[in-house]
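Note: the block below is my_file_9.cif and it holds mmCIF, C-alpha atoms.
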data_upload
loop_
_atom_site.label_atom_id
_atom_site.label_comp_id
_atom_site.auth_asym_id
_atom_site.auth_seq_id
_atom_site.Cartn_x
_atom_site.Cartn_y
_atom_site.Cartn_z
CA MET Q 26 90.52 139.96 57.03
CA GLU Q 27 90.64 137.30 59.72
CA ILE Q 28 88.89 133.94 59.74
CA THR Q 29 88.20 131.94 62.89
CA VAL Q 30 87.10 128.37 62.24
CA THR Q 31 84.76 126.51 64.60
CA GLN Q 32 82.92 123.22 64.40
CA GLU Q 33 79.20 123.00 65.14
CA GLN Q 34 77.05 119.93 65.44
CA GLY Q 35 73.62 120.24 63.90
CA GLN Q 36 71.96 117.29 62.20
CA VAL Q 37 75.33 116.93 60.49
CA PRO Q 38 78.80 118.28 61.31
CA VAL Q 39 79.07 121.90 60.18
CA THR Q 40 82.21 123.99 59.84
CA VAL Q 41 81.76 127.70 60.48
CA PHE Q 42 84.01 130.47 59.18
CA HIS Q 43 83.63 133.53 61.39
CA ILE Q 44 84.96 136.24 59.08
CA GLU Q 45 86.13 139.64 60.32
CA GLY Q 46 86.83 142.39 57.81
CA ASP Q 47 86.13 143.24 54.20
CA ILE Q 48 86.05 140.54 51.53
CA GLY Q 49 87.46 142.49 48.61
CA ALA Q 50 89.80 141.91 45.69
CA GLU Q 51 92.67 142.27 48.15
CA THR Q 52 91.46 139.50 50.50
CA PHE Q 53 89.14 137.07 48.68
CA ASP Q 54 91.99 134.67 47.86
CA GLN Q 55 92.61 134.23 51.59
CA LEU Q 56 89.00 133.08 52.01
CA GLU Q 57 89.32 130.71 49.05
CA ALA Q 58 92.57 129.24 50.36
CA GLN Q 59 91.17 128.57 53.81
CA ALA Q 60 88.01 127.03 52.36
CA GLN Q 61 90.01 124.82 50.03
CA GLN Q 62 92.09 123.66 52.97
CA VAL Q 63 89.11 122.58 55.11
CA ILE Q 64 87.32 120.99 52.14
CA GLN Q 65 90.41 118.96 51.37
CA SER Q 66 90.48 117.96 55.03
CA GLY Q 67 86.95 116.58 54.77
CA THR Q 68 84.57 119.46 55.44
CA ARG Q 69 81.32 118.98 53.51
CA ASN Q 70 79.05 121.54 55.18
CA LEU Q 71 80.17 125.12 55.62
CA VAL Q 72 78.62 128.30 56.97
CA LEU Q 73 80.20 131.65 56.25
CA ASP Q 74 79.33 133.86 59.22
CA LEU Q 75 79.30 137.36 57.76
CA ALA Q 76 78.38 139.23 60.96
CA GLY Q 77 81.85 140.80 61.06
CA VAL Q 78 82.01 141.65 57.35
CA PRO Q 79 81.25 145.30 56.53
CA TYR Q 80 81.82 144.93 52.78
CA VAL Q 81 81.85 142.29 50.03
CA SER Q 82 83.01 143.16 46.52
CA SER Q 83 82.42 141.26 43.29
CA TYR Q 84 85.71 139.46 43.96
CA GLY Q 85 84.38 138.38 47.34
CA ILE Q 86 81.28 137.09 45.59
CA ARG Q 87 83.54 135.31 43.14
CA GLY Q 88 85.27 133.65 46.12
CA ILE Q 89 81.96 132.55 47.63
CA SER Q 90 80.92 131.17 44.23
CA GLN Q 91 84.16 129.20 44.03
CA ILE Q 92 83.56 127.68 47.47
CA TYR Q 93 80.05 126.77 46.37
CA LYS Q 94 81.52 124.88 43.39
CA TRP Q 95 84.11 123.06 45.49
CA LEU Q 96 81.46 121.93 47.98
CA GLN Q 97 79.14 120.78 45.21
CA ASN Q 98 81.85 118.45 44.00
CA PRO Q 99 84.67 118.22 46.56
CA ALA Q 100 86.52 115.49 44.69
CA SER Q 101 86.93 117.70 41.66
CA GLY Q 102 89.40 120.10 43.22
CA GLU Q 103 88.97 123.26 41.24
CA GLN Q 104 86.71 121.77 38.59
CA PRO Q 105 83.09 122.91 38.63
CA ALA Q 106 80.35 120.34 39.01
CA SER Q 107 77.89 119.61 36.24
CA THR Q 108 74.51 121.25 36.53
CA PRO Q 109 71.16 119.85 35.41
CA SER Q 110 69.45 123.07 34.38
CA ALA Q 111 69.18 126.76 34.93
CA PRO Q 112 68.00 127.65 38.45
CA GLN Q 113 64.68 129.30 37.83
CA GLU Q 114 63.45 128.36 41.27
CA SER Q 115 64.97 128.33 44.71
CA SER Q 116 65.08 124.51 44.69
CA TYR Q 117 68.60 124.51 43.34
CA LYS Q 118 70.22 126.07 46.36
CA SER Q 119 73.34 124.50 47.78
CA THR Q 120 72.84 121.96 50.54
CA HIS Q 121 76.48 122.34 51.60
CA LEU Q 122 77.11 126.09 51.81
CA LYS Q 123 75.05 128.63 53.76
CA LEU Q 124 75.61 132.29 54.58
CA ALA Q 125 74.70 133.88 57.89
CA SER Q 126 74.14 137.35 59.35
CA PRO Q 127 75.01 139.67 56.44
CA SER Q 128 74.76 143.41 57.03
CA GLN Q 129 72.28 145.38 54.95
CA GLN Q 130 75.01 146.50 52.55
CA VAL Q 131 76.44 143.01 52.14
CA MET Q 132 72.95 141.57 51.62
CA LYS Q 133 72.35 144.10 48.87
CA ALA Q 134 75.55 143.10 47.08
CA LEU Q 135 74.65 139.41 47.39
CA THR Q 136 71.15 139.89 45.98
CA ASN Q 137 72.30 142.27 43.25
CA SER Q 138 74.74 139.55 42.20
CA GLY Q 139 72.00 136.92 42.15
CA ILE Q 140 73.92 134.69 44.54
CA ASP Q 141 70.84 134.30 46.74
CA MET Q 142 69.36 132.10 44.00
CA PHE Q 143 72.01 129.49 44.76
CA ILE Q 144 72.89 129.90 48.42
CA GLU Q 145 70.61 130.21 51.44
CA ILE Q 146 71.17 133.38 53.42
CA HIS Q 147 70.08 133.23 57.06
CA SER Q 148 69.56 136.12 59.43
CA ASP Q 149 71.60 134.49 62.17
CA LEU Q 150 74.20 131.79 62.64
CA LYS Q 151 72.04 129.40 64.67
CA LYS Q 152 69.44 129.26 61.94
CA ALA Q 153 72.12 128.68 59.33
CA VAL Q 154 73.64 125.75 61.25
CA ALA Q 155 70.20 124.28 61.98
CA SER Q 156 69.27 124.44 58.29
CA PHE Q 157 71.59 121.56 57.31
CA MET P 28 84.22 171.80 46.30
CA ASP P 29 86.00 168.56 45.52
CA PHE P 30 88.40 166.13 47.13
CA THR P 31 90.99 164.01 45.40
CA LEU P 32 92.88 160.87 46.38
CA SER P 33 95.88 159.65 44.40
CA VAL P 34 97.19 156.12 44.97
CA SER P 35 99.26 153.57 43.13
CA ALA P 36 97.38 150.79 41.36
CA GLU P 37 97.84 148.15 44.05
CA LEU P 38 95.03 146.07 45.52
CA LYS P 39 96.32 146.79 49.01
CA ASN P 40 95.17 150.39 48.47
CA LEU P 41 91.52 149.45 47.98
CA PRO P 42 90.64 149.84 51.68
CA ALA P 43 92.05 153.38 51.61
CA ILE P 44 89.94 154.14 48.53
CA ARG P 45 86.80 152.86 50.26
CA ARG P 46 87.58 154.95 53.35
CA PHE P 47 88.15 158.02 51.18
CA VAL P 48 84.76 157.68 49.50
CA ASP P 49 83.08 157.05 52.84
CA GLU P 50 84.66 160.06 54.54
CA THR P 51 84.19 162.41 51.60
CA ALA P 52 80.55 161.53 50.94
CA THR P 53 79.88 161.78 54.67
CA ARG P 54 81.38 165.26 54.61
CA PHE P 55 78.89 166.12 51.85
CA GLU P 56 76.11 164.81 54.15
CA VAL P 57 75.06 162.11 51.71
CA ASP P 58 72.56 159.53 52.95
CA ARG P 59 74.21 156.43 54.47
CA GLU P 60 72.58 153.98 52.08
CA ILE P 61 73.78 155.99 49.08
CA ILE P 62 77.29 156.18 50.54
CA ASP P 63 77.40 152.40 50.95
CA GLY P 64 76.44 151.99 47.30
CA LEU P 65 79.01 154.52 46.15
CA ILE P 66 81.74 152.76 48.14
CA GLN P 67 80.88 149.58 46.25
CA ALA P 68 80.75 151.37 42.88
CA VAL P 69 84.12 153.07 43.33
CA ASP P 70 85.79 149.96 44.75
CA GLU P 71 84.59 147.88 41.80
CA SER P 72 85.75 150.55 39.33
CA ALA P 73 89.16 150.89 40.96
CA THR P 74 89.57 147.12 41.10
CA ASN P 75 88.86 146.93 37.38
CA ILE P 76 91.52 149.57 36.71
CA MET P 77 94.10 147.68 38.77
CA THR P 78 93.35 144.16 37.53
CA HIS P 79 92.21 144.73 33.93
CA GLY P 80 93.77 148.11 33.14
CA TYR P 81 97.23 147.97 34.64
CA ARG P 82 97.13 144.15 34.95
CA GLY P 83 99.23 144.26 38.09
CA SER P 84 101.76 146.75 36.75
CA PRO P 85 102.40 149.93 38.72
CA GLY P 86 100.60 153.11 37.74
CA PRO P 87 98.63 156.02 39.14
CA VAL P 88 94.94 156.00 40.04
CA GLU P 89 93.22 159.26 40.91
CA ILE P 90 89.78 159.51 42.46
CA GLN P 91 88.03 162.86 42.57
CA VAL P 92 84.77 163.33 44.47
CA SER P 93 82.74 166.49 44.01
CA LEU P 94 79.27 167.73 44.80
CA GLU P 95 77.83 169.41 41.72
CA GLY P 96 74.39 170.76 42.56
CA ASP P 97 72.38 167.81 43.82
CA ARG P 98 74.65 165.23 42.18
CA LEU P 99 77.67 163.54 43.64
CA VAL P 100 80.19 163.11 40.84
CA ILE P 101 83.12 160.72 41.17
CA ARG P 102 85.82 160.64 38.52
CA LEU P 103 88.41 157.87 38.35
CA ARG P 104 91.43 158.61 36.19
CA ASP P 105 94.28 156.32 35.23
CA GLN P 106 97.08 155.96 32.70
CA ALA P 107 96.50 152.30 31.85
CA PRO P 108 95.97 151.26 28.21
CA LEU P 109 92.75 152.82 26.92
CA PHE P 110 89.67 150.79 27.76
CA ASP P 111 86.01 151.70 28.02
CA PRO P 112 84.49 149.62 30.83
CA THR P 113 80.98 150.89 30.05
CA GLN P 114 81.06 148.60 27.01
CA VAL P 115 81.45 145.49 29.15
CA PRO P 116 78.27 143.39 28.66
CA PRO P 117 76.20 142.63 31.76
CA PRO P 118 76.60 139.16 33.30
CA ASP P 119 73.89 136.53 32.87
CA LEU P 120 72.59 136.38 36.43
CA ASN P 121 70.15 133.61 35.52
CA ALA P 122 72.88 131.23 34.39
CA PRO P 123 73.64 128.25 36.65
CA MET P 124 76.40 129.00 39.14
CA GLU P 125 78.76 126.52 37.52
CA ALA P 126 78.30 128.07 34.11
CA ARG P 127 78.60 131.64 35.23
CA CYS P 128 81.28 133.81 33.79
CA GLN P 129 82.44 136.13 36.55
CA GLY P 130 83.39 138.84 34.08
CA GLY P 131 81.20 141.90 34.14
CA LEU P 132 79.90 141.45 37.68
CA GLY P 133 81.90 144.41 38.96
CA MET P 134 80.51 146.78 36.32
CA HIS P 135 77.03 145.37 36.92
CA LEU P 136 77.32 146.41 40.58
CA VAL P 137 78.65 149.82 39.56
CA ARG P 138 75.50 150.34 37.48
CA CYS P 139 73.30 149.12 40.36
CA TYR P 140 74.50 151.87 42.66
CA THR P 141 74.81 154.85 40.32
CA ASP P 142 72.51 156.86 38.06
CA GLN P 143 74.99 157.42 35.26
CA VAL P 144 78.32 155.92 34.22
CA THR P 145 80.32 157.52 31.41
CA TYR P 146 83.78 157.06 29.97
CA ARG P 147 86.07 159.36 28.05
CA VAL P 148 89.67 159.62 27.02
CA THR P 149 91.22 162.63 28.78
CA PRO P 150 93.08 165.32 26.78
CA GLU P 151 96.26 163.83 28.27
CA GLY P 152 95.40 160.46 26.76
CA GLY P 153 94.31 158.63 29.92
CA ASN P 154 91.12 156.87 30.96
CA GLU P 155 88.43 158.71 32.89
CA LEU P 156 85.38 156.96 34.28
CA THR P 157 82.70 159.21 35.74
CA LEU P 158 80.09 157.94 38.20
CA VAL P 159 77.12 160.15 38.97
CA LYS P 160 74.59 159.70 41.76
CA SER P 161 71.74 162.01 42.63
CA VAL P 162 71.79 162.93 46.30
CA ALA P 163 68.76 165.20 46.11
CA ALA P 164 66.75 163.06 48.50
CA ARG P 165 69.27 163.25 51.29
CA PRO P 166 67.82 164.19 54.65
CA VAL P 167 68.41 167.71 55.93
#
Encoded form using structure tokens:
Amino acid sequence: MEITVTQEQGQVPVTVFHIEGDIGAETFDQLEAQAQQVIQSGTRNLVLDLAGVPYVSSYGIRGISQIYKWLQNPASGEQPASTPSAPQESSYKSTHLKLASPSQQVMKALTNSGIDMFIEIHSDLKKAVASF
Amino acid sequence: MDFTLSVSAELKNLPAIRRFVDETATRFEVDREIIDGLIQAVDESATNIMTHGYRGSPGPVEIQVSLEGDRLVIRLRDQAPLFDPTQVPPPDLNAPMEARCQGGLGMHLVRCYTDQVTYRVTPEGGNELTLVKSVAARPV
């Protein structure tokens, strides 16, 4: 898996990870490490561009969940943020992490995991960046 | 007819396992959407064997894919300590993200993409997980 990092300027500065390759148990830690690095460097808004990702496993979803937690509370390092209540509606989606351009297979894994309840998934990168 | 892949229980072998399922199911002319689901189901099962079964120790993992009538049957065998993954409770997908326990998500996805998941201890004393998917609706 390879990650190219770019900076976009929407209404706020947005960091974009253009990911190429599978996000599986063998690679998810690489995604986490790179995300942790940019968050520690000050990134607050992140898009994961999944256009080049053929496959995401439950470990990949675990990695995305971890990034969600870091961005919810960047000062906490690896500690999860507190949560007011269970997300029964889409109003509790992250304002800091968005996903873009998943393939049909990846989208299915994301929805089957329920991650779409917490993270906006956009059909293309421009829409994802503009959504911040 | 069946095809078998034997690999060591190392995460670096997961891409080869996914390719094997893809190529074998394609050879059996299984519908693309079903193949994609089976790749996920086998990858999740093999990952569980490597991370929870062998816990990073070396050991063999065997994956056998066969077409039995209108069912694609995939058997994963290993020599890790005996463990029945079908008993893993499903994750609470309605829990807040921060409170979510990640355990069980892999098996949840396995169930999403298969019709039947069974476990048995082999006569040799190893684990065998069998995934079954109907491929009756595949296009001709």
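For the residues Q:Gln129, Q:Leu56, Q:Asp149, Q:Ser138, ranking by smallest atom-to-atom distance to P:Pro117 using all atoms listed in the file places Q:Ser138 first.
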query: For P:Leu65, which residue among P:Thr113, P:Thr141, P:Gln91, P:Thr78 is the nearest when counting all atoms listed in the file?
result: P:Thr141
task: Counting all atoms listed in the file, collect the residues of chain P whose closest atom lies at most 12 Å from chain Q, and write them out as a PyMOL selection string.
output: chain P and resi 36-46+59-78+117-140
- request: Can you give me, as a ChimeraX atom specification, the residues this file yields under the PyMOL selection byres ((chain Q and resi 33) around 12)?
  value: /Q:30-32,34-42,68,70-72,150-151,153-155,157
task: Name the residues within 9 Å of (83.9, 168.5, 45.8), counting only C-alpha atoms in the file's coordinates, and put them as a ChimeraX atom specification.
output: /P:28-31,51,55,91-95,99-100
- request: Rounded to one decimal place, report the atom CA of P:Glu151-atom CA of P:Arg104 distance in Å.
  value: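 Atom CA of P:Glu151 sits 10.6 Å away from atom CA of P:Arg104.
Summary of the local environment: counting only C-alpha atoms, residues at most 8 Å from Q:Leu73, other than itself and those fewer than 5 positions away along its chain, are Val41, Phe42, His43, Ile44, Leu122, Lys123, Leu124 and Ala125 of chain Q.
With atom CA of Q:Ser66 on one side and atom CA of Q:Ser119 on the other, the separation reads 19.7 Å.
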